[in-house]
Each structure stands twice: as structure tokens, then as C-alpha cells.
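Only one structure is covered here, and it is reproduced in the block below.
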Amino acid sequence: MLENFAHALAEAKKSGAQTIAVAVAQDKDVLQALKLAQDAGIAEAILVGDAAEIRPMLQEVGLAASTRVVDEKDPAQAALKAVSLVRQGQAQVVMKGMLNTSDFLKAVLHPEQGLRSGSLLSHLAVFEVPGENRLLYHSDGGMNIAPDLATKKGILKNALAALRALGLAEPKVAVLTANEQVHPKMQATVDAQALVAAAAAGEFSPCVIEGPIALDVALNPEAAHHKGIASRISGQVDLFLMPNIETGNVLGKSLLYYAGAHMAGLVLGATHPIVLTSRAETPEGKLHSICLACLAARKGN
């Protein structure tokens with residue numbers, strides 16, 4: 001169990017640096033994050049993009065002049081090249097630089113050069129929340145807008161595989177809804193009941209899953225007791241499975257802005273981990289996402 005991002009960095013350092021291929025790497029914030037990752041002993045980089053723009057930035061951020069740079073001025077081709085480096089085994093993680101997310105994901109999903117695995121892509125958000133003794137995981141608040149039951153199964157499978165790679169052998173999962181009653185007019189509760197049944201039938205990797213379950217019960221054993229709910233996961237949830245993207249987005253931003261949490265994230269479902277961070281994210285925040293990707297790559301291969 002990872003207690004916080006400092007613990008994650010220490011774990012990632014133990015097995016040496018992973019190589020990250022960066023698509024359109026002429027992005028100073030990304031290069032600063034890679035410098036932090038290099039200093040932490042968790043990652044090295046292959047920088048794909050406009051070499052004339054990248055090389056002056058190396059000196060600015062303190063990356064070694066010997067850092068491998070692959071010159072490709074066309075952003076779409078740079079993205080394809082970065083992805084193909086991972087596919088060929090020259091890197092273990094791919095990261096988005098200075099290009100549109102849609103163009104980056106198009107390269108990831110390219111039928112010949114991409115990293116298709118047969119699974120859907122989903123987002124895993126990871127939070128370090130003040131007062132908690134472990135990292136908390138949310139999915140999916142970043143990619144799948146209004147998932148149906150089949151999509152939720154794919155999101156859950158992706159997240160469980162990632163958590164297993166991050167050291168959680170049997171994650172505790174809360175399938176979040178507005179309340180604990182199954183109601184045909186509240187599809188999220190129907191889906192939650194179906195997910196719990198699928199888990200009981202062995203459809204997922206080992207986990208302890210409950211749903212439908214409201215956030216108060218998931219977080220607070222006293223709330224569970226007050227509602228007369230005998231829960232095995234209340235107060236101990238590792239993974240919060242969201243009913244839709246709005247719930248994940250609002251809950252995540254509430255943690256960041258009201259609770260002072262720190263966040264990292266990964267895109268799951270490809271053959272290798274994908275780092276796709278917001279342009280507004282700090283280099284330190286990008287470092288945490290790089291760290292999780294390195295851990296997932298180390299234990300997933």
C-alpha cells in the first residue's frame with residue numbers, strides 16, 4: 001500500500017529508472033518534470049519533437065545535453081514516433097508533451113504503430129489527501145463521459161490491474177451512487193448491483209467490492225452504522241468507482257481546492273502506461289504522474 005507520493009517515489013527508485021518517450025517534447029514544464037524524475041532516480045527520457053526547440057530547453061531546465069532527442073517537427077508524426085518507441089521496447093512509458101490530447105490519443109490508438117490492447121482507455125486519478133494514511137484512487141473522472149454497464153466493467157478491470165501493479169493485491173472498491181437502495185429509475189444503482197454480482201461471479205481480479213454505496217458510507221463507518229449498513233469497506237476504500245465523469249470531476253476538484261489534496265493521474269487500457277497531464281499541472285504534479293507510470297510499467301511487464 002502506497003502511503004503518499006513520497007513513498008511512491010521511494011518505491012519507484014528501488015528498481016531503477018524507466019524510460020519515457022515524450023511526444024512533442026518542446027514543453028518546458030514537461031522537461032522540468034523529467035529533470036525532477038531523473039534527479040529522483042526513477043526515469044530517463046527520449047524526447048521526440050523539434051530538436052531546434054528542445055535542445056535550448058535542456059540547458060534551461062538542467063537536463064544533460066546527452067539526453068536522446070529524436071528530431072521530428074510534425075506533431076502528429078512525433079506522437080507516432082514516441083508511441084512506436086514504446087511499442088518497440090525502447091521505452092516503457094509514453095507521455096504527452098506540447099500537442100492536443102486528441103492527436104496524442106490518435107497516435108496511441110494507431111492500428112499499426114500504436115499501443116492498442118483490446119481494452120477501452122480510462123483515466124485513473126490518484127490523490128494524496130491530508131489526514132489519510134494512504135493514496136486514494138478514483139476512476140473514471142477524466143475520459144468516459146456517461147459509461148454504461150459494459151464500460152464500467154472495463155473501467156473497473158483497468159483500475160484493478162493498475163492497483164495490483166501498484167501493490168494492492170485485493171483493493172477495496174466502492175461503486176459510488178447517491179444512496180444504497182437499488183432503484184430502476186436511478187441507473188447508477190442498477191449498474192452498481194450488477195457490478196457487485198459480476199465480481200461475486202469471478203469476473204474481476206480479486207477485490208472487495210460494495211455498491212450501490214453513497215460517499216458518506218464509503219468514507220465513514222459511523223455513517224454506515226447510522227444507516228444500518230454492515231460494510232466491509234467503510235473507512236477503508238482504496239478505489240472509488242464513479243457513476244459518471246461529472247461526479248469524478250467535481251469530487252476530484254473538491255479534494256484539490258477544499259481539502260488541499262495533491263493529484264496524479266494515468267491513462268489505462270493500453271499495452272503500456274500513459275502520462276497525460278493538464279497543461280496547468282505543476283512540474284511536481286507531473287512528476288507524481290510519471291512516478292506512478294514508472295511503478296505500473298515496472299510491475300506490469
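Simple scheme: letters A, B, ... for chains in C-alpha cells order, numbers from 1 for residues in each chain, numbers from 1 for ligands in the order shown.
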
Contacts of Thr271 (chain A) at 7 Å (only C-alpha atoms; same-chain gap of 6+ positions) as a tab-separated table (two decimals) with C-alpha atoms, in the first residue's frame:
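result-v7.tsv, written as the output of this step:
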chain	number	residue	atom	x	y	z
A	115	LEU	CA	-0.46	0.63	-28.13
A	116	ARG	CA	-3.87	-0.98	-28.51
A	117	SER	CA	-4.58	-3.80	-26.08

Review point. Can you list, as a VMD selection string, every protein, DNA or RNA residue that comes within 9 Å of Gln236 (chain A) when you count only C-alpha atoms, leaving out same-chain residues fewer than 2 positions away?
Key: chain A and resid 172 218 to 220 232 to 234 238

Exercise for review: Show which residues sit within 10 Å of region 159-165 of chain A, as an MDAnalysis selection string. Count only C-alpha atoms, and ignore same-chain residues fewer than 3 positions away.
Suggested key: chainID A and resid 1 122:125 137:140 153:156 168:173 204:207 238:241 266:269 273 292:293 295:301

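From CA of Cys294 (chain A) back to CA of Gln92 (chain A), the distance works out to 7.8 Å.
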
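For the residues A:Asn133, A:Gln77, A:Ser289, A:Gln88, ranking by smallest atom-to-atom distance to Asp103 (chain A) using only C-alpha atoms places A:Gln77 first.
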
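Going from CA of Thr189 (chain A) to CA of Val129 (chain A) covers 27.0 Å.
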
Exercise for review: Do a neighbour search on Ala6 (chain A) at 12 Å with only C-alpha atoms, toss out local chain neighbours closer than 5 positions, and write the hits as a list in words.
Suggested key: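 Selected residues are Glu11, Ala12, Lys13, Ala40, Glu128, Arg134, Leu135, His262, Glu284, Leu287, His288, Cys291 and Leu292 of chain A.
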
Practice item. Identify, on the basis of only C-alpha atoms, every residue whose closest approach to Thr277 (chain A) does not exceed 9 Å; exclude the query and any residue fewer than 3 positions from it along the same chain; express the result as an NGL selection string. Key: :A and (95-97 or 264-266 or 280-281 or 285-286 or 289)

**Study point:** Length of the CA of Asp39 (chain A) to CA of Lys14 (chain A) vector [Å]
**Key:** 13.7 Å

Point to revise | All helix (DSSP H, G or I) residues (DSSP, backbone) inside region 33-227 of chain A, as number ranges by chain | key: A: 33-39, 51-61, 75-87, 101-108, 149-165, 187-200, 215-219, 221-226

Practice item. Might you pull out every residue within 12 Å of Leu47 (chain A), with only C-alpha atoms counted and same-chain residues fewer than 3 positions away left off, and present them as a ChimeraX atom specification? Key: /A:19-28,30-31,34,44,50-55,57-58,63,65-73,78-79,81-83,85,91,94-98

Store the residues picked out above in a file with N, CA and C atoms, as a tab-separated table (two decimals), in the first residue's frame.
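Saved to result05.tsv:
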chain	number	residue	atom	x	y	z
A	19	THR	N	12.31	4.22	-18.91
A	19	THR	CA	12.50	5.19	-19.99
A	19	THR	C	11.14	5.68	-20.48
A	20	ILE	N	11.04	7.00	-20.59
A	20	ILE	CA	9.79	7.64	-21.01
A	20	ILE	C	9.99	8.30	-22.36
A	21	ALA	N	9.15	7.94	-23.32
A	21	ALA	CA	9.15	8.59	-24.63
A	21	ALA	C	8.14	9.73	-24.59
A	22	VAL	N	8.61	10.94	-24.86
A	22	VAL	CA	7.75	12.12	-24.78
A	22	VAL	C	7.38	12.58	-26.18
A	23	ALA	N	6.09	12.71	-26.44
A	23	ALA	CA	5.59	13.13	-27.74
A	23	ALA	C	5.50	14.65	-27.82
A	24	VAL	N	6.21	15.25	-28.76
A	24	VAL	CA	6.29	16.70	-28.93
A	24	VAL	C	6.83	17.31	-27.64
A	25	ALA	N	8.11	17.08	-27.42
A	25	ALA	CA	8.73	17.33	-26.12
A	25	ALA	C	9.17	18.77	-25.88
A	26	GLN	N	8.89	19.68	-26.81
A	26	GLN	CA	9.27	21.08	-26.62
A	26	GLN	C	8.29	21.77	-25.67
A	27	ASP	N	8.26	21.29	-24.45
A	27	ASP	CA	7.36	21.77	-23.41
A	27	ASP	C	8.18	21.90	-22.13
A	28	LYS	N	8.43	23.12	-21.71
A	28	LYS	CA	9.34	23.37	-20.60
A	28	LYS	C	8.88	22.71	-19.30
A	30	VAL	N	7.06	20.01	-18.93
A	30	VAL	CA	7.28	18.57	-19.03
A	30	VAL	C	8.76	18.26	-18.83
A	31	LEU	N	9.63	19.06	-19.43
A	31	LEU	CA	11.07	18.83	-19.28
A	31	LEU	C	11.51	19.05	-17.84
A	34	LEU	N	10.60	15.97	-16.01
A	34	LEU	CA	11.54	14.89	-16.33
A	34	LEU	C	12.87	15.08	-15.62
A	44	GLU	N	14.42	8.07	-17.14
A	44	GLU	CA	15.20	8.73	-18.18
A	44	GLU	C	14.24	9.02	-19.32
A	50	ASP	N	10.65	18.83	-32.11
A	50	ASP	CA	11.51	19.77	-32.85
A	50	ASP	C	12.81	19.97	-32.08
A	51	ALA	N	13.87	19.36	-32.58
A	51	ALA	CA	15.16	19.39	-31.86
A	51	ALA	C	15.68	20.81	-31.68
A	52	ALA	N	15.40	21.68	-32.65
A	52	ALA	CA	15.88	23.07	-32.56
A	52	ALA	C	15.23	23.80	-31.38
A	53	GLU	N	14.02	23.40	-31.00
A	53	GLU	CA	13.37	23.99	-29.84
A	53	GLU	C	13.72	23.24	-28.56
A	54	ILE	N	13.90	21.93	-28.65
A	54	ILE	CA	14.13	21.12	-27.46
A	54	ILE	C	15.51	21.36	-26.87
A	55	ARG	N	16.55	21.41	-27.71
A	55	ARG	CA	17.93	21.45	-27.17
A	55	ARG	C	18.20	22.68	-26.30
A	57	MET	N	16.10	24.15	-24.43
A	57	MET	CA	15.36	23.93	-23.20
A	57	MET	C	16.08	22.96	-22.27
A	58	LEU	N	16.83	22.02	-22.83
A	58	LEU	CA	17.58	21.07	-22.00
A	58	LEU	C	18.49	21.82	-21.03
A	63	LEU	N	18.64	19.40	-17.83
A	63	LEU	CA	18.79	18.05	-18.35
A	63	LEU	C	20.09	17.94	-19.13
A	65	ALA	N	22.92	17.39	-21.83
A	65	ALA	CA	22.95	17.59	-23.28
A	65	ALA	C	22.94	16.26	-24.02
A	66	SER	N	23.35	15.19	-23.32
A	66	SER	CA	23.39	13.86	-23.94
A	66	SER	C	22.02	13.18	-23.98
A	67	THR	N	20.99	13.81	-23.39
A	67	THR	CA	19.64	13.25	-23.43
A	67	THR	C	19.25	13.00	-24.88
A	68	ARG	N	18.72	11.82	-25.16
A	68	ARG	CA	18.40	11.46	-26.54
A	68	ARG	C	17.24	12.31	-27.06
A	69	VAL	N	17.46	12.95	-28.21
A	69	VAL	CA	16.44	13.75	-28.86
A	69	VAL	C	16.22	13.19	-30.26
A	70	VAL	N	14.98	12.92	-30.60
A	70	VAL	CA	14.61	12.45	-31.93
A	70	VAL	C	13.93	13.61	-32.65
A	71	ASP	N	14.56	14.09	-33.70
A	71	ASP	CA	14.06	15.28	-34.39
A	71	ASP	C	12.88	14.93	-35.29
A	72	GLU	N	11.73	15.49	-34.97
A	72	GLU	CA	10.53	15.32	-35.80
A	72	GLU	C	9.64	16.54	-35.58
A	73	LYS	N	9.61	17.41	-36.59
A	73	LYS	CA	8.91	18.68	-36.43
A	73	LYS	C	7.40	18.56	-36.53
A	78	ALA	N	5.53	13.09	-34.67
A	78	ALA	CA	6.28	12.98	-33.41
A	78	ALA	C	5.54	12.09	-32.42
A	79	ALA	N	4.22	12.26	-32.36
A	79	ALA	CA	3.43	11.43	-31.46
A	79	ALA	C	3.52	9.97	-31.87
A	81	LYS	N	5.91	8.54	-33.49
A	81	LYS	CA	7.27	8.06	-33.22
A	81	LYS	C	7.46	7.73	-31.75
A	82	ALA	N	6.96	8.60	-30.87
A	82	ALA	CA	7.09	8.35	-29.43
A	82	ALA	C	6.38	7.06	-29.04
A	83	VAL	N	5.17	6.88	-29.58
A	83	VAL	CA	4.39	5.67	-29.28
A	83	VAL	C	5.11	4.44	-29.82
A	85	LEU	N	8.25	3.98	-30.22
A	85	LEU	CA	9.43	3.66	-29.39
A	85	LEU	C	9.03	2.77	-28.21
A	91	ALA	N	11.30	2.21	-24.87
A	91	ALA	CA	10.79	2.96	-23.72
A	91	ALA	C	9.66	2.16	-23.11
A	94	VAL	N	4.81	6.23	-22.30
A	94	VAL	CA	4.68	7.34	-23.25
A	94	VAL	C	4.00	8.51	-22.55
A	95	MET	N	4.46	9.73	-22.86
A	95	MET	CA	3.96	10.93	-22.19
A	95	MET	C	3.62	12.00	-23.22
A	96	LYS	N	2.53	12.69	-23.00
A	96	LYS	CA	2.14	13.79	-23.88
A	96	LYS	C	2.92	15.04	-23.56
A	97	GLY	N	3.42	15.69	-24.63
A	97	GLY	CA	4.06	16.98	-24.49
A	97	GLY	C	3.17	18.08	-25.05
A	98	MET	N	3.74	18.88	-25.97
A	98	MET	CA	3.05	20.06	-26.49
A	98	MET	C	2.19	19.73	-27.71

Point to revise | Who sits within 8 Å of region 242-254 of chain A, only C-alpha atoms, same chain under 3 positions skipped, as a list in words | key: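 Counting only the stated atoms, we get His138, Ser139, Asp140, Gly141, Gly142, Met143, Asn144, Ile145, Ala146, Pro147, Val175, Leu176, Thr177, Ala188, Tyr257, Tyr258 and Ala259 of chain A.
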
Point to revise | Test item, strand (DSSP E or B) assignment across region 57-258 of chain A, answer as a PyMOL selection string | key: chain A and resi 68-71+93-96+122-128+136-139+172-176+208-213+239-241

Point to revise | Among listed residues A:Gly114, A:Pro75, A:Gly62, A:Pro130, nearest Gly49 (chain A) (using only C-alpha atoms) | key: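 Selected residue with least distance to Gly49 (chain A): A:Pro75.
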